[in-house]
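Have a look at the structure below before the remarks.
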Amino acid sequence: MKEGRRAAPAASFNPMPPSLFSPDAGKTRPRGVLVAGLLVATLGITSLLAYQAVVEVTSHRATAERVLRDYSAFAANRVAIRTSNELVYFVYRPALTALDQLRTEGHRRRLLSPAQLAQGSDSAGKAALGKMAFAFDVSFPGRALVTRGAPADTAVQRWVTDTLASYVQAVHRLHFDWSDAVIVGGPSYRRMILFYKLERDPKGAPREAVGFAADLSTLMPFFVDAVENGPLIPATLTGGVPYDSIGSVTIQDALGRDIYRSSTAYPPLFTGRDSLTTMMGRLHFQVTLRPDMASKLVIGGLPRTRLPVITGLLLITAVLVGGILYQLRREYALAGLRSDFVASVSHELRTPLAQIRMFSETLRLGRVRSQEERSRSLVIIDQEARRLTHLVENLLYFSRSERQGARIDAAPEHIAPLIRSAVEKFEPLAAARRVTVRTVLDERLVAVVDPGALHQMLLNLLDNAVKYGPDGQTVTITLEGWGGYLRLKVDDLGPGVPVEARDRVWDRFWRLHRDRGSSVAGTGIGLAVVKELATMHRGRVWCDEAEAGGARFVIELPDATPPAPAVQPQTAEVLT
């Protein structure tokens with residue numbers, strides 16, 4: 001047979017139909033790379049759009065928050081202006097006016113108490129002086145203090161002189177045009193406020209500070225009026241909502257101590273601040289808007305963040321693109337396997353057809369020299385025809401299986417006779433490799449099978465054993481019952497199947513790495529056909545190591561054997 005193969009004249013014969021060798025086959029990978037590139041570009045564009053959407057929403061939200069903070073700053077400024085006006089117009093100015101009136105009448109060195117000054121003042125002056133605790137006069141640089149009115153203890157007197165002296169040194173020397181000011185403070189146990197006027201000598205040096213001191217608590221109504229007397233934000237924007245429903249207000253002195261604080265406090269999300277000048281006591285004002293006011297002050301309300309939704313959509317897109325790329329990669333792998341399959345089928349069809357053609361031409365032209373050569377030629381033709389038939393049957397089943405058109409016609413059958421029939425059909429192919437097929441069969445066993453399908457499964461396993469095993473080996477077929485199932489085992493003496501590959505050998509188009517570059521032909525569909533047929537019979541298949549060290553392929557089918565007396569298995573050897 002080897003000599004005949006060397007003389008084969010049909011080396012250029014291509015038995016495969018042209019459709020299997022599509023001109024687009026070589027374009028699969030470039031097209032796939034293009035599709036993968038487009039998918040990655042789609043993911044990139046989607047990510048960019050998601051990023052832009054997040055930026056836009058974030059920018060919109062930041063703008064809305066900035067508007068709300070501007071409103072809160074506006075409200076804080078209104079509170080500061082009102083407080084300044086309340087103190088100036090209703091307390092500070094009337095009190096100093098009464099003091100100036102007395103001094104212009106020639107009583108410069110005469111200091112009267114607030115009650116005495118109130119007797120000669122108008123109604124505004126009387127109301128303001130009624131809030132005062134005492135009047136004071138501090139001369140510089142000696143810091144001599146004179147007070148009239150309610151008694152002032154040593155700590156209060158020290159605070160008045162020290163505070164005024166520091167203001168003269170730190171403030172009035174820098175601001176020469178300032179002649180009067182307000183100071184809020186006091187010793188730790190008493191909160192006070194000073195209203196004073198600074199007088200200078202002809203050379204401009206501070207000479208004395210004359211004014212009034214009041215307890216901060218007596219002036220609290222003016223702070224309350226500054227906050228509550230009228231809306232802090234125009235009513236056209238708030239719809240006439242009361243101030244305490246708009247936000248919370250805090251007024252503090254220069255040391256950060258509270259003078260006024262709203263009863264309700266809101267989270268400091270939208271907070272505005274303002275302050276009075278040093279001349280007006282360095283009071284600090286803070287207004288915090290209620291978050292719910294965003295819907296009234298900003299058209300459409302405060303935009304909600306879309307980051308979770310956008311992130312979720314982006315993740316879904318990424319997963320979908322990843323899934324498509326994974327499927328595309330599998331398609332690449334499948335395309336490669338199909339390409340190898342086409343090449344393998346072409347080779348396996350070419351070889352038996354070339355042999356049949358060569359020996360048939362030899363017989364037709366009468367070139368045989370003896371009856372022995374004639375018989376040998378006919379045997380080779382028969383072997384190659386059987387091999388070709390077996391391959392075509394696998395291809396036909398494979399084609400039907402891909403179209404989901406494969407069916408079986410199962411019926412209860414004794415399995416041992418079917419196995420012997422398959423072995424007899426395989427004998428010529430085994431003889432070419434001097435292989436002995438040995439059978440150990442339990443004659444009682446019955447299963448619901450399709451005889452043709454069982455033949456094909458067994459022939460595929462035998463072909464696999466002969467193809468990958470050594471010449472002259474013994475292949476053993478065993479049929480036995482096992483707990484409600486029957487097992488058909490095919491053992492060979494070949495190199496076996498590695499443990500990590502025993503599950504993958506049943507996949508379509510897959511071959512062991514060691515066999516891909518070898519001279520052993522194979523399509524990669526024989527074992528896949530066995531698995532699919534076994535599954536259609538409600539059975540299963542697996543690969544294991546044979547007792548002699550080779551490979552063992554097992555088909556397990558449901559046992560349909562009726563109860564019967566035990567029969568000893570028969571052992572037979574078929575020498576081919």
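Labels used: A, B, ... for chains in the order of the structure tokens, numbers from 1 for residues in each chain, and numbers from 1 for ligands as shown.
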
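For segment 475-481 of chain A, the residues within 8 Å (counting only C-alpha atoms, excluding itself and residues fewer than 3 positions away along the chain) are A:Ala416, A:Val435, A:Thr436, A:Val437, A:Arg438, A:Thr439, A:Val440, A:Leu441, A:Asp442, A:Leu445, A:Leu462, A:Ala465, A:Val466, A:Gly484, A:Tyr485, A:Leu486, A:Arg487, A:Leu488, A:Lys489, A:Val490, A:Asp491, A:Asp492, A:Leu493, A:Asp559.
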
Could you write out the selected residues, including N, CA and C atoms, as a CSV table (one decimal), in the first residue's frame?
chain,number,residue,atom,x,y,z
A,416,ALA,N,-24.6,-6.9,21.9
A,416,ALA,CA,-23.5,-7.7,21.5
A,416,ALA,C,-23.5,-8.0,20.0
A,435,VAL,N,-3.8,-4.8,13.2
A,435,VAL,CA,-4.4,-4.6,14.5
A,435,VAL,C,-5.3,-5.7,14.8
A,436,THR,N,-5.3,-6.2,16.1
A,436,THR,CA,-6.2,-7.3,16.6
A,436,THR,C,-7.3,-6.6,17.4
A,437,VAL,N,-8.5,-6.9,17.1
A,437,VAL,CA,-9.7,-6.4,17.8
A,437,VAL,C,-10.2,-7.6,18.7
A,438,ARG,N,-10.2,-7.4,20.0
A,438,ARG,CA,-10.6,-8.4,20.9
A,438,ARG,C,-11.9,-7.9,21.6
A,439,THR,N,-12.9,-8.8,21.7
A,439,THR,CA,-14.1,-8.4,22.3
A,439,THR,C,-14.4,-9.2,23.5
A,440,VAL,N,-15.0,-8.6,24.6
A,440,VAL,CA,-15.5,-9.2,25.8
A,440,VAL,C,-16.9,-8.7,26.0
A,441,LEU,N,-17.9,-9.5,25.6
A,441,LEU,CA,-19.3,-9.0,25.5
A,441,LEU,C,-20.2,-9.8,26.4
A,442,ASP,N,-21.1,-9.1,27.1
A,442,ASP,CA,-22.2,-9.7,27.8
A,442,ASP,C,-23.4,-9.8,26.9
A,445,LEU,N,-27.2,-8.2,27.5
A,445,LEU,CA,-27.5,-6.8,27.6
A,445,LEU,C,-28.3,-6.2,26.4
A,462,LEU,N,-13.2,2.8,17.1
A,462,LEU,CA,-12.2,1.9,16.6
A,462,LEU,C,-11.2,2.6,15.7
A,465,ALA,N,-8.8,4.5,17.8
A,465,ALA,CA,-7.8,3.6,18.4
A,465,ALA,C,-6.8,3.2,17.4
A,466,VAL,N,-7.2,2.8,16.2
A,466,VAL,CA,-6.2,2.3,15.2
A,466,VAL,C,-5.3,3.5,14.7
A,484,GLY,N,-27.7,-0.4,36.4
A,484,GLY,CA,-28.8,0.2,35.6
A,484,GLY,C,-28.3,0.8,34.3
A,485,TYR,N,-27.0,0.7,34.0
A,485,TYR,CA,-26.5,1.2,32.7
A,485,TYR,C,-25.6,0.1,32.1
A,486,LEU,N,-25.4,0.2,30.8
A,486,LEU,CA,-24.4,-0.7,30.2
A,486,LEU,C,-23.3,0.2,29.7
A,487,ARG,N,-22.1,-0.3,29.8
A,487,ARG,CA,-20.9,0.4,29.4
A,487,ARG,C,-20.2,-0.3,28.3
A,488,LEU,N,-19.9,0.5,27.2
A,488,LEU,CA,-19.1,0.0,26.1
A,488,LEU,C,-17.8,0.7,26.1
A,489,LYS,N,-16.7,-0.2,26.4
A,489,LYS,CA,-15.4,0.4,26.5
A,489,LYS,C,-14.5,0.0,25.3
A,490,VAL,N,-13.7,0.9,24.9
A,490,VAL,CA,-12.7,0.6,23.8
A,490,VAL,C,-11.4,1.0,24.3
A,491,ASP,N,-10.5,0.0,24.5
A,491,ASP,CA,-9.1,0.2,25.1
A,491,ASP,C,-8.1,0.0,23.9
A,492,ASP,N,-7.1,0.9,23.9
A,492,ASP,CA,-6.1,0.7,22.9
A,492,ASP,C,-4.7,0.8,23.6
A,493,LEU,N,-3.6,0.6,22.9
A,493,LEU,CA,-2.3,0.6,23.5
A,493,LEU,C,-1.5,1.8,23.0
A,559,ASP,N,-29.6,0.8,30.6
A,559,ASP,CA,-29.8,-0.6,30.4
A,559,ASP,C,-31.3,-0.9,30.3

I need the residues in segment 175-310 of chain A that are strand (DSSP E) according to DSSP; give them as number ranges by chain.
A: 180-185, 192-200, 206-215, 247-252, 258-261, 271-275, 284-289

Contacts of Arg273 of chain A at 7 Å (only C-alpha atoms; same-chain gap of 4+ positions) as a list of chain:residue names:
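Everything that qualifies: A:Ala73, A:Ala76, A:Phe285, A:Gln286, A:Val287.
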
Closest of A:Thr161, A:Thr317, A:Gln101, A:Ser188 to Ile45 of chain A, counting only C-alpha atoms, is A:Thr317

Out of A:Val227, A:Val497, A:Met293, A:Val54, which residue has the shortest atom-to-atom distance to Val79 of chain A when counting only C-alpha atoms?
A:Val227

Which residue out of A:Ile380, A:Val554, A:Ala181, A:Ala75 has the minimum interatomic distance to Glu228 of chain A when only C-alpha atoms are used?
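Closest candidate: A:Ala75.
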
When distances are computed from only C-alpha atoms, which of A:Gln371, A:Ser47, A:Gln355, A:Thr58 shows the smallest separation from Ala385 of chain A?
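Of A:Gln371, A:Ser47, A:Gln355, A:Thr58, the one nearest Ala385 of chain A, counting only C-alpha atoms, is A:Gln355.
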